[in-house]
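Beneath this line is the structure, given in structure tokens, with notes to follow.
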Amino acid sequence: MRAIHVKSYVSGPADLTVTTLPSPTPQPDQYLIAIHATATNFFDLLQIRGKYQHQPPLPWISGSEFSGVILSTPSSNPNPQFKKGDKVFGASQGGYATQICAREEALRPVPKGWSFVDAAGLMVTAPTSYAALVTRAGVKRGDYVLIHAAAGGVGLAAVQVAKAFEAIVIATAGSKRKLEVAKGYGADYCVDYNKPKWEEEVKKLTPKGRGVDIVFDPVGMVNTSLKCTAWNGRIVVIGFAAGNIEKVAMNRVLLKNVSLVGLHWGMYAREEVETVGVVWKGLFDLMEQGKFRGTVYGDRQFSGLESVGEALGMLGRRETWGKVVVAVPQERGSKL
Ligand SMILES: NC(=O)c1ccc[n+]([C@@H]2O[C@H](COP(=O)([O-])OP(=O)(O)OC[C@H]3O[C@@H](n4cnc5c(N)ncnc54)[C@H](OP(=O)(O)O)[C@@H]3O)[C@@H](O)[C@H]2O)c1
């Protein structure tokens, strides 16, 4: 197989190279999958530089999210959920490759009518946004929901989930193009958060200027967002894309009766596994009803593992929107 095999940390994605390796041997509880598309994530950029919280011992294969076709089922499982030839998407270390081994819990079936490219970026962002808004913030019809970095991976998923629950979405982003994209996915209002006093603009969009009911924050904007949050507002902390972990003015949290909650999707599999199924059921229902579609960056196409470095570079420079996905053409001789 071919893969981006990291033998030593690199200074940036331009230094990544594709090498040929023996096909991986699945553990008895693992499937072997032929990868047809792989999605990029910001944490891949940290990991190739040795700066992520999960660093496997070198050498390892970079990448995580993928979609593809089952080549073999787990030898220890007589009754596997997927069979040879099934289309799946998932996430596991080593997504920048033509083949990967993964356990059943790391896989889901490609939704009906979805392409490999669309499905490749579903595993991390879609459930994060659904769990944040539905499980943690209890989004409901008529809520005013402020979604920061709304054209990013989790942002575009959040816009769709909030709209599916009939909320009113105020999207923020840092460029005209990104605001346009958020609008295309259903945002009701768009605000450029690079403009000074953007929070006043947000407040004016809410009834009697009361502020928003829910803030979805993958950037690190809690302090300013508290200024445009309504009484009983809920703020969900998703991430720190701007690179700064805030110290929050807790007096504002108290004065407005605000609930400030975190969401760590990856930990649900360990701490609250029953919720994982509930969240995915909710998402698959939305997909079936046509209320949730793929968010693949469409201003440019990427194909072949050789283009992963460029795709990651553009992601890191904030030049993209949605999920940046690389199609993985099948190796010569492959029948799937
Ligand atoms: N809590 C969880 O379980 C969980 C799960 C998945 C992801 N996350 C986190 O959520 C955050 C967003 O993830 P994502 O997949 O949506 O990433 P993404 O697709 O790269 O989007 C991040 C967005 O953040 C905005 N941004 C603001 N300041 C930035 C900066 N200094 N550098 C880069 N981007 C900046 C950019 O939008 P503008 O250009 O419009 O400003 C960008 O579109 C990350 O921190 C990620 O680690 C958390």
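Each chain in the structure tokens gets a letter, A, B and so on, in the order shown; residues start at 1 in every chain, and ligands are counted from 1 in the order they appear.
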Residues near region 54-59 of chain A, cut-off 9 Å, only C-alpha atoms, skip fewer than 4 positions along chain, as a VMD selection string: chain A and resid 5 to 9 47 to 48 50 93
Output N, CA and C atoms for every residue in the selection just made, as a PDB file, in the first residue's frame.
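out_21.pdb written:
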```pdb
ATOM      1  N   HIS A   5       4.014   8.121   5.650  1.00  0.00           N
ATOM      2  CA  HIS A   5       4.635   7.432   6.775  1.00  0.00           C
ATOM      3  C   HIS A   5       5.592   8.420   7.421  1.00  0.00           C
ATOM      4  N   VAL A   6       5.298   8.798   8.667  1.00  0.00           N
ATOM      5  CA  VAL A   6       6.119   9.817   9.334  1.00  0.00           C
ATOM      6  C   VAL A   6       7.185   9.114  10.189  1.00  0.00           C
ATOM      7  N   LYS A   7       8.452   9.283   9.781  1.00  0.00           N
ATOM      8  CA  LYS A   7       9.551   8.628  10.523  1.00  0.00           C
ATOM      9  C   LYS A   7      10.168   9.597  11.526  1.00  0.00           C
ATOM     10  N   SER A   8      10.097  10.906  11.209  1.00  0.00           N
ATOM     11  CA  SER A   8      10.539  11.927  12.171  1.00  0.00           C
ATOM     12  C   SER A   8       9.638  13.149  11.948  1.00  0.00           C
ATOM     13  N   TYR A   9       9.481  13.961  13.003  1.00  0.00           N
ATOM     14  CA  TYR A   9       8.581  15.110  12.885  1.00  0.00           C
ATOM     15  C   TYR A   9       9.070  16.060  11.807  1.00  0.00           C
ATOM     16  N   GLN A  47       0.033  17.029  14.829  1.00  0.00           N
ATOM     17  CA  GLN A  47       0.650  15.708  15.035  1.00  0.00           C
ATOM     18  C   GLN A  47       1.924  15.530  14.200  1.00  0.00           C
ATOM     19  N   ILE A  48       1.920  16.014  12.951  1.00  0.00           N
ATOM     20  CA  ILE A  48       3.126  15.812  12.115  1.00  0.00           C
ATOM     21  C   ILE A  48       4.303  16.635  12.645  1.00  0.00           C
ATOM     22  N   GLY A  50       4.705  16.955  15.937  1.00  0.00           N
ATOM     23  CA  GLY A  50       4.978  16.430  17.285  1.00  0.00           C
ATOM     24  C   GLY A  50       4.353  17.265  18.375  1.00  0.00           C
ATOM     25  N   GLN A  93      -6.052   6.200  13.567  1.00  0.00           N
ATOM     26  CA  GLN A  93      -4.722   6.695  13.174  1.00  0.00           C
ATOM     27  C   GLN A  93      -4.303   6.050  11.838  1.00  0.00           C
TER      28      GLN A  93
END
```
So that I can see what lies close to Leu122 (chain A), please list as a ChimeraX atom specification the residues with an atom at most 8 Å from it, counting only C-alpha atoms and leaving out residues fewer than 4 positions away in the same chain. /A:65,89-90,118,126-127,294
Limited to C-alpha atoms, could you put the picked residues into a file as a CSV table (one decimal), in the first residue's frame?
```
chain,number,residue,atom,x,y,z
A,65,GLU,CA,-10.7,10.5,8.9
A,89,PHE,CA,-16.5,5.8,6.8
A,90,GLY,CA,-14.5,6.2,10.0
A,118,ASP,CA,-18.6,13.5,1.1
A,126,ALA,CA,-20.7,16.0,12.5
A,127,PRO,CA,-21.2,14.2,15.9
A,294,GLY,CA,-21.7,16.9,3.1
```
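Minimum distance to ligand 1 across A:Met314, A:Val18, A:Val69, A:Leu107 (counting only C-alpha atoms and all ligand atoms) occurs at A:Met314.
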Neighbouring residues of ligand 1 are defined here as those with any atom at most 7 Å from a ligand atom, counting only C-alpha atoms and all ligand atoms; list them as a ChimeraX atom specification. /A:41-43,124-125,128,149-155,173-175,178,218-219,238-243,263-266,315-318,321-323
Output file for the residues above (N, CA and C atoms, as an mmCIF file, in the first residue's frame):
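Final file, out05.cif:
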```cif
data_model
loop_
_atom_site.group_PDB
_atom_site.id
_atom_site.type_symbol
_atom_site.label_atom_id
_atom_site.label_comp_id
_atom_site.auth_asym_id
_atom_site.auth_seq_id
_atom_site.Cartn_x
_atom_site.Cartn_y
_atom_site.Cartn_z
ATOM 1 N N ASN A 41 -7.650 17.295 9.038
ATOM 2 C CA ASN A 41 -8.051 17.946 10.288
ATOM 3 C C ASN A 41 -6.907 18.793 10.807
ATOM 4 N N PHE A 42 -7.253 19.832 11.564
ATOM 5 C CA PHE A 42 -6.221 20.714 12.109
ATOM 6 C C PHE A 42 -5.251 19.924 12.993
ATOM 7 N N PHE A 43 -5.790 18.911 13.715
ATOM 8 C CA PHE A 43 -4.887 18.171 14.606
ATOM 9 C C PHE A 43 -3.841 17.356 13.839
ATOM 10 N N VAL A 124 -15.679 12.925 12.685
ATOM 11 C CA VAL A 124 -15.281 13.747 13.837
ATOM 12 C C VAL A 124 -16.188 14.968 14.006
ATOM 13 N N THR A 125 -16.384 15.707 12.916
ATOM 14 C CA THR A 125 -17.059 16.997 13.054
ATOM 15 C C THR A 125 -18.577 16.886 13.261
ATOM 16 N N THR A 128 -19.657 15.902 16.770
ATOM 17 C CA THR A 128 -19.237 16.953 17.719
ATOM 18 C C THR A 128 -20.288 18.063 17.741
ATOM 19 N N ALA A 149 -16.986 30.761 13.664
ATOM 20 C CA ALA A 149 -16.232 30.053 12.611
ATOM 21 C C ALA A 149 -17.183 29.121 11.863
ATOM 22 N N ALA A 150 -18.315 29.692 11.462
ATOM 23 C CA ALA A 150 -19.425 28.893 10.927
ATOM 24 C C ALA A 150 -19.093 28.212 9.607
ATOM 25 N N ALA A 151 -18.050 28.653 8.908
ATOM 26 C CA ALA A 151 -17.690 27.989 7.649
ATOM 27 C C ALA A 151 -16.604 26.942 7.854
ATOM 28 N N GLY A 152 -16.181 26.707 9.095
ATOM 29 C CA GLY A 152 -15.187 25.661 9.376
ATOM 30 C C GLY A 152 -15.851 24.291 9.402
ATOM 31 N N GLY A 153 -15.072 23.275 9.684
ATOM 32 C CA GLY A 153 -15.591 21.899 9.693
ATOM 33 C C GLY A 153 -16.714 21.714 10.695
ATOM 34 N N VAL A 154 -16.458 21.995 11.971
ATOM 35 C CA VAL A 154 -17.539 21.828 12.952
ATOM 36 C C VAL A 154 -18.605 22.911 12.761
ATOM 37 N N GLY A 155 -18.193 24.081 12.294
ATOM 38 C CA GLY A 155 -19.123 25.196 12.130
ATOM 39 C C GLY A 155 -20.237 24.887 11.137
ATOM 40 N N ALA A 173 -17.787 34.525 10.728
ATOM 41 C CA ALA A 173 -16.598 34.007 10.030
ATOM 42 C C ALA A 173 -15.728 35.214 9.705
ATOM 43 N N GLY A 174 -14.545 34.925 9.126
ATOM 44 C CA GLY A 174 -13.571 35.988 8.946
ATOM 45 C C GLY A 174 -13.405 36.479 7.524
ATOM 46 N N SER A 175 -14.248 36.037 6.592
ATOM 47 C CA SER A 175 -14.137 36.568 5.228
ATOM 48 C C SER A 175 -15.511 36.531 4.557
ATOM 49 N N LYS A 178 -16.399 33.064 3.239
ATOM 50 C CA LYS A 178 -16.814 32.111 4.269
ATOM 51 C C LYS A 178 -18.225 32.433 4.780
ATOM 52 N N PRO A 218 -15.960 27.175 18.681
ATOM 53 C CA PRO A 218 -14.764 26.374 18.432
ATOM 54 C C PRO A 218 -13.489 27.221 18.332
ATOM 55 N N VAL A 219 -13.595 28.528 18.612
ATOM 56 C CA VAL A 219 -12.471 29.445 18.358
ATOM 57 C C VAL A 219 -11.771 29.913 19.634
ATOM 58 N N ILE A 238 -16.085 24.371 22.366
ATOM 59 C CA ILE A 238 -15.748 23.263 21.461
ATOM 60 C C ILE A 238 -14.244 23.187 21.219
ATOM 61 N N GLY A 239 -13.606 24.338 21.126
ATOM 62 C CA GLY A 239 -12.172 24.311 20.819
ATOM 63 C C GLY A 239 -11.570 25.699 20.872
ATOM 64 N N PHE A 240 -10.287 25.742 20.497
ATOM 65 C CA PHE A 240 -9.510 26.975 20.638
ATOM 66 C C PHE A 240 -8.734 27.211 19.342
ATOM 67 N N ALA A 241 -9.477 27.289 18.229
ATOM 68 C CA ALA A 241 -8.826 27.408 16.915
ATOM 69 C C ALA A 241 -7.917 28.628 16.841
ATOM 70 N N ALA A 242 -8.218 29.669 17.619
ATOM 71 C CA ALA A 242 -7.382 30.872 17.580
ATOM 72 C C ALA A 242 -6.093 30.675 18.379
ATOM 73 N N GLY A 243 -6.001 29.557 19.085
ATOM 74 C CA GLY A 243 -4.753 29.227 19.768
ATOM 75 C C GLY A 243 -4.621 29.779 21.174
ATOM 76 N N LEU A 263 -17.558 20.384 25.656
ATOM 77 C CA LEU A 263 -17.955 19.192 24.891
ATOM 78 C C LEU A 263 -16.671 18.538 24.402
ATOM 79 N N HIS A 264 -16.448 17.296 24.823
ATOM 80 C CA HIS A 264 -15.255 16.576 24.371
ATOM 81 C C HIS A 264 -15.739 15.284 23.714
ATOM 82 N N TRP A 265 -16.034 15.366 22.423
ATOM 83 C CA TRP A 265 -16.701 14.257 21.742
ATOM 84 C C TRP A 265 -15.907 12.959 21.846
ATOM 85 N N GLY A 266 -14.602 13.040 21.650
ATOM 86 C CA GLY A 266 -13.777 11.834 21.645
ATOM 87 C C GLY A 266 -13.898 11.022 22.934
ATOM 88 N N LEU A 315 -5.456 24.382 4.635
ATOM 89 C CA LEU A 315 -6.278 24.344 5.853
ATOM 90 C C LEU A 315 -5.610 25.181 6.950
ATOM 91 N N GLY A 316 -4.312 24.970 7.127
ATOM 92 C CA GLY A 316 -3.568 25.679 8.182
ATOM 93 C C GLY A 316 -3.536 27.181 7.956
ATOM 94 N N ARG A 317 -3.581 27.609 6.681
ATOM 95 C CA ARG A 317 -3.548 29.054 6.385
ATOM 96 C C ARG A 317 -4.944 29.676 6.352
ATOM 97 N N ARG A 318 -5.938 28.922 6.714
ATOM 98 C CA ARG A 318 -7.348 29.379 6.765
ATOM 99 C C ARG A 318 -7.872 29.762 5.389
ATOM 100 N N TRP A 321 -12.749 26.178 3.469
ATOM 101 C CA TRP A 321 -13.945 26.138 4.314
ATOM 102 C C TRP A 321 -14.428 24.692 4.372
ATOM 103 N N GLY A 322 -15.305 24.401 5.298
ATOM 104 C CA GLY A 322 -15.865 23.048 5.414
ATOM 105 C C GLY A 322 -14.781 22.013 5.667
ATOM 106 N N LYS A 323 -14.991 20.821 5.109
ATOM 107 C CA LYS A 323 -14.021 19.741 5.261
ATOM 108 C C LYS A 323 -13.164 19.652 4.000
#
```
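Of the residues in region 49-137 of chain A, those given helix (DSSP H, G or I) by DSSP on the backbone are Glu104, Glu105, Ala106, Phe116, Val117, Asp118, Ala119, Ala120, Thr125, Ala126, Pro127, Thr128, Ser129, Tyr130, Ala131, Ala132, Leu133, Val134, Thr135 and Arg136 of chain A.
Every protein, DNA or RNA residue with an atom at most 7 Å from Val324 (chain A), where only C-alpha atoms count and chain neighbours fewer than 4 positions away do not, is listed here: Ala39, Thr40, Val296, Tyr297 and Ala311 of chain A.
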Selection to disk with N, CA and C atoms, as a short mmCIF file (atom, residue, chain, number, x, y, z; two decimals), in the first residue's frame:
```cif
data_model
loop_
_atom_site.label_atom_id
_atom_site.label_comp_id
_atom_site.auth_asym_id
_atom_site.auth_seq_id
_atom_site.Cartn_x
_atom_site.Cartn_y
_atom_site.Cartn_z
N ALA A 39 -9.96 12.71 4.86
CA ALA A 39 -10.27 14.10 5.20
C ALA A 39 -9.19 14.67 6.12
N THR A 40 -8.91 15.96 5.95
CA THR A 40 -7.86 16.60 6.75
C THR A 40 -8.46 17.22 8.00
N VAL A 296 -17.97 19.33 2.03
CA VAL A 296 -16.63 19.28 1.43
C VAL A 296 -16.28 20.60 0.74
N TYR A 297 -15.09 21.09 1.03
CA TYR A 297 -14.56 22.30 0.39
C TYR A 297 -14.59 22.10 -1.12
N ALA A 311 -3.22 20.25 0.67
CA ALA A 311 -4.54 20.41 1.29
C ALA A 311 -4.37 20.85 2.75
#
```
Selection near region 268-282 of chain A, 7 Å with only C-alpha atoms, sequence-local residues under 4 positions removed, as a PyMOL selection string: chain A and resi 127+130-131+286
Those residues you just picked out, can you put them in a file as a CSV table (one decimal), in the first residue's frame with C-alpha atoms?
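File out_27.csv, as written:
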```
chain,number,residue,atom,x,y,z
A,127,PRO,CA,-21.2,14.2,15.9
A,130,TYR,CA,-24.7,17.5,17.1
A,131,ALA,CA,-23.7,16.6,20.6
A,286,LEU,CA,-31.3,14.2,9.6
```
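Counting only C-alpha atoms, Asp29 (chain A) has the following residues at most 7 Å away, ignoring those fewer than 5 positions along the same chain: Pro74, Ser75, Ser76, Asn77 and Arg103 of chain A.
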Which neighbours of Asn194 (chain A) fall inside 12 Å, counting only C-alpha atoms, when residues of the same chain fewer than 2 positions from it are skipped, and could you give them as JSON, numbers by chain? {"A": [148, 149, 172, 173, 174, 175, 176, 179, 191, 192, 196, 197, 198, 199, 221]}
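Among the candidates A:Lys83, A:Lys183, A:Arg210, A:Lys227, the residue lying nearest to Gln160 (chain A) is A:Lys183 (atoms considered: only C-alpha atoms).
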Would you list the contacts of Ala187 (chain A) as a list in words, taking every protein, DNA or RNA residue within 9 Å and counting only C-alpha atoms, but skipping same-chain residues closer than 2 positions in sequence? Ala150, Val159, Gln160, Lys163, Ile168, Val169, Ile170, Ala171, Leu179, Val181, Ala182, Lys183, Gly184, Tyr185, Tyr189 and Cys190 of chain A
Just N, CA and C atoms for this one: save the residues we selected as an mmCIF file, in the first residue's frame.
```cif
data_model
loop_
_atom_site.group_PDB
_atom_site.id
_atom_site.type_symbol
_atom_site.label_atom_id
_atom_site.label_comp_id
_atom_site.auth_asym_id
_atom_site.auth_seq_id
_atom_site.Cartn_x
_atom_site.Cartn_y
_atom_site.Cartn_z
ATOM 1 N N ALA A 150 -18.315 29.692 11.462
ATOM 2 C CA ALA A 150 -19.425 28.893 10.927
ATOM 3 C C ALA A 150 -19.093 28.212 9.607
ATOM 4 N N VAL A 159 -24.259 24.640 11.839
ATOM 5 C CA VAL A 159 -25.293 25.454 11.172
ATOM 6 C C VAL A 159 -26.444 24.534 10.743
ATOM 7 N N GLN A 160 -26.106 23.390 10.156
ATOM 8 C CA GLN A 160 -27.139 22.487 9.647
ATOM 9 C C GLN A 160 -27.956 21.853 10.771
ATOM 10 N N LYS A 163 -30.301 24.500 12.248
ATOM 11 C CA LYS A 163 -31.437 24.765 11.341
ATOM 12 C C LYS A 163 -32.423 23.591 11.350
ATOM 13 N N ILE A 168 -32.796 29.862 14.959
ATOM 14 C CA ILE A 168 -32.378 30.979 14.096
ATOM 15 C C ILE A 168 -30.866 31.089 14.250
ATOM 16 N N VAL A 169 -30.167 30.987 13.123
ATOM 17 C CA VAL A 169 -28.704 30.903 13.188
ATOM 18 C C VAL A 169 -28.049 32.230 12.811
ATOM 19 N N ILE A 170 -27.194 32.709 13.725
ATOM 20 C CA ILE A 170 -26.332 33.853 13.414
ATOM 21 C C ILE A 170 -24.920 33.278 13.266
ATOM 22 N N ALA A 171 -24.390 33.367 12.046
ATOM 23 C CA ALA A 171 -23.082 32.765 11.758
ATOM 24 C C ALA A 171 -22.009 33.840 11.759
ATOM 25 N N LEU A 179 -18.549 33.715 4.859
ATOM 26 C CA LEU A 179 -19.902 34.088 5.301
ATOM 27 C C LEU A 179 -20.931 33.639 4.261
ATOM 28 N N VAL A 181 -20.605 31.069 2.304
ATOM 29 C CA VAL A 181 -20.728 29.606 2.421
ATOM 30 C C VAL A 181 -21.684 29.263 3.569
ATOM 31 N N ALA A 182 -21.515 29.941 4.710
ATOM 32 C CA ALA A 182 -22.387 29.666 5.873
ATOM 33 C C ALA A 182 -23.845 29.935 5.501
ATOM 34 N N LYS A 183 -24.060 30.994 4.755
ATOM 35 C CA LYS A 183 -25.427 31.335 4.309
ATOM 36 C C LYS A 183 -25.966 30.218 3.413
ATOM 37 N N GLY A 184 -25.102 29.705 2.533
ATOM 38 C CA GLY A 184 -25.495 28.628 1.620
ATOM 39 C C GLY A 184 -25.903 27.358 2.357
ATOM 40 N N TYR A 185 -25.416 27.192 3.584
ATOM 41 C CA TYR A 185 -25.780 26.003 4.381
ATOM 42 C C TYR A 185 -26.929 26.309 5.340
ATOM 43 N N TYR A 189 -28.407 34.793 9.456
ATOM 44 C CA TYR A 189 -27.682 36.070 9.464
ATOM 45 C C TYR A 189 -26.183 35.774 9.502
ATOM 46 N N CYS A 190 -25.400 36.682 8.914
ATOM 47 C CA CYS A 190 -23.953 36.497 8.902
ATOM 48 C C CYS A 190 -23.247 37.748 9.405
#
```
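The spacing separating CA of Ala132 (chain A) from CA of Leu255 (chain A) amounts to 23.2 Å.
Minimum atom-to-atom distances from A:Ala249, A:Val88, A:Ile70, A:Leu226 to Val117 (chain A) were compared using only C-alpha atoms, and the lowest value belongs to A:Val88.
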State, in Å with one decimal place, the distance from CA of Thr73 (chain A) to CA of Arg108 (chain A). 14.0 Å
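Note that the spacing between CA of Gly304 (chain A) and CA of Phe116 (chain A) amounts to 13.8 Å.
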Nearest to Ile4 (chain A): which of A:Gln301, A:Asp143, A:Glu306, A:Phe82 is it, counting only C-alpha atoms? A:Glu306
Using only C-alpha atoms, which of the listed residues (A:Gln53, A:Ser225, A:Asp86, A:Ala120) sits closest to Thr295 (chain A)? A:Ala120
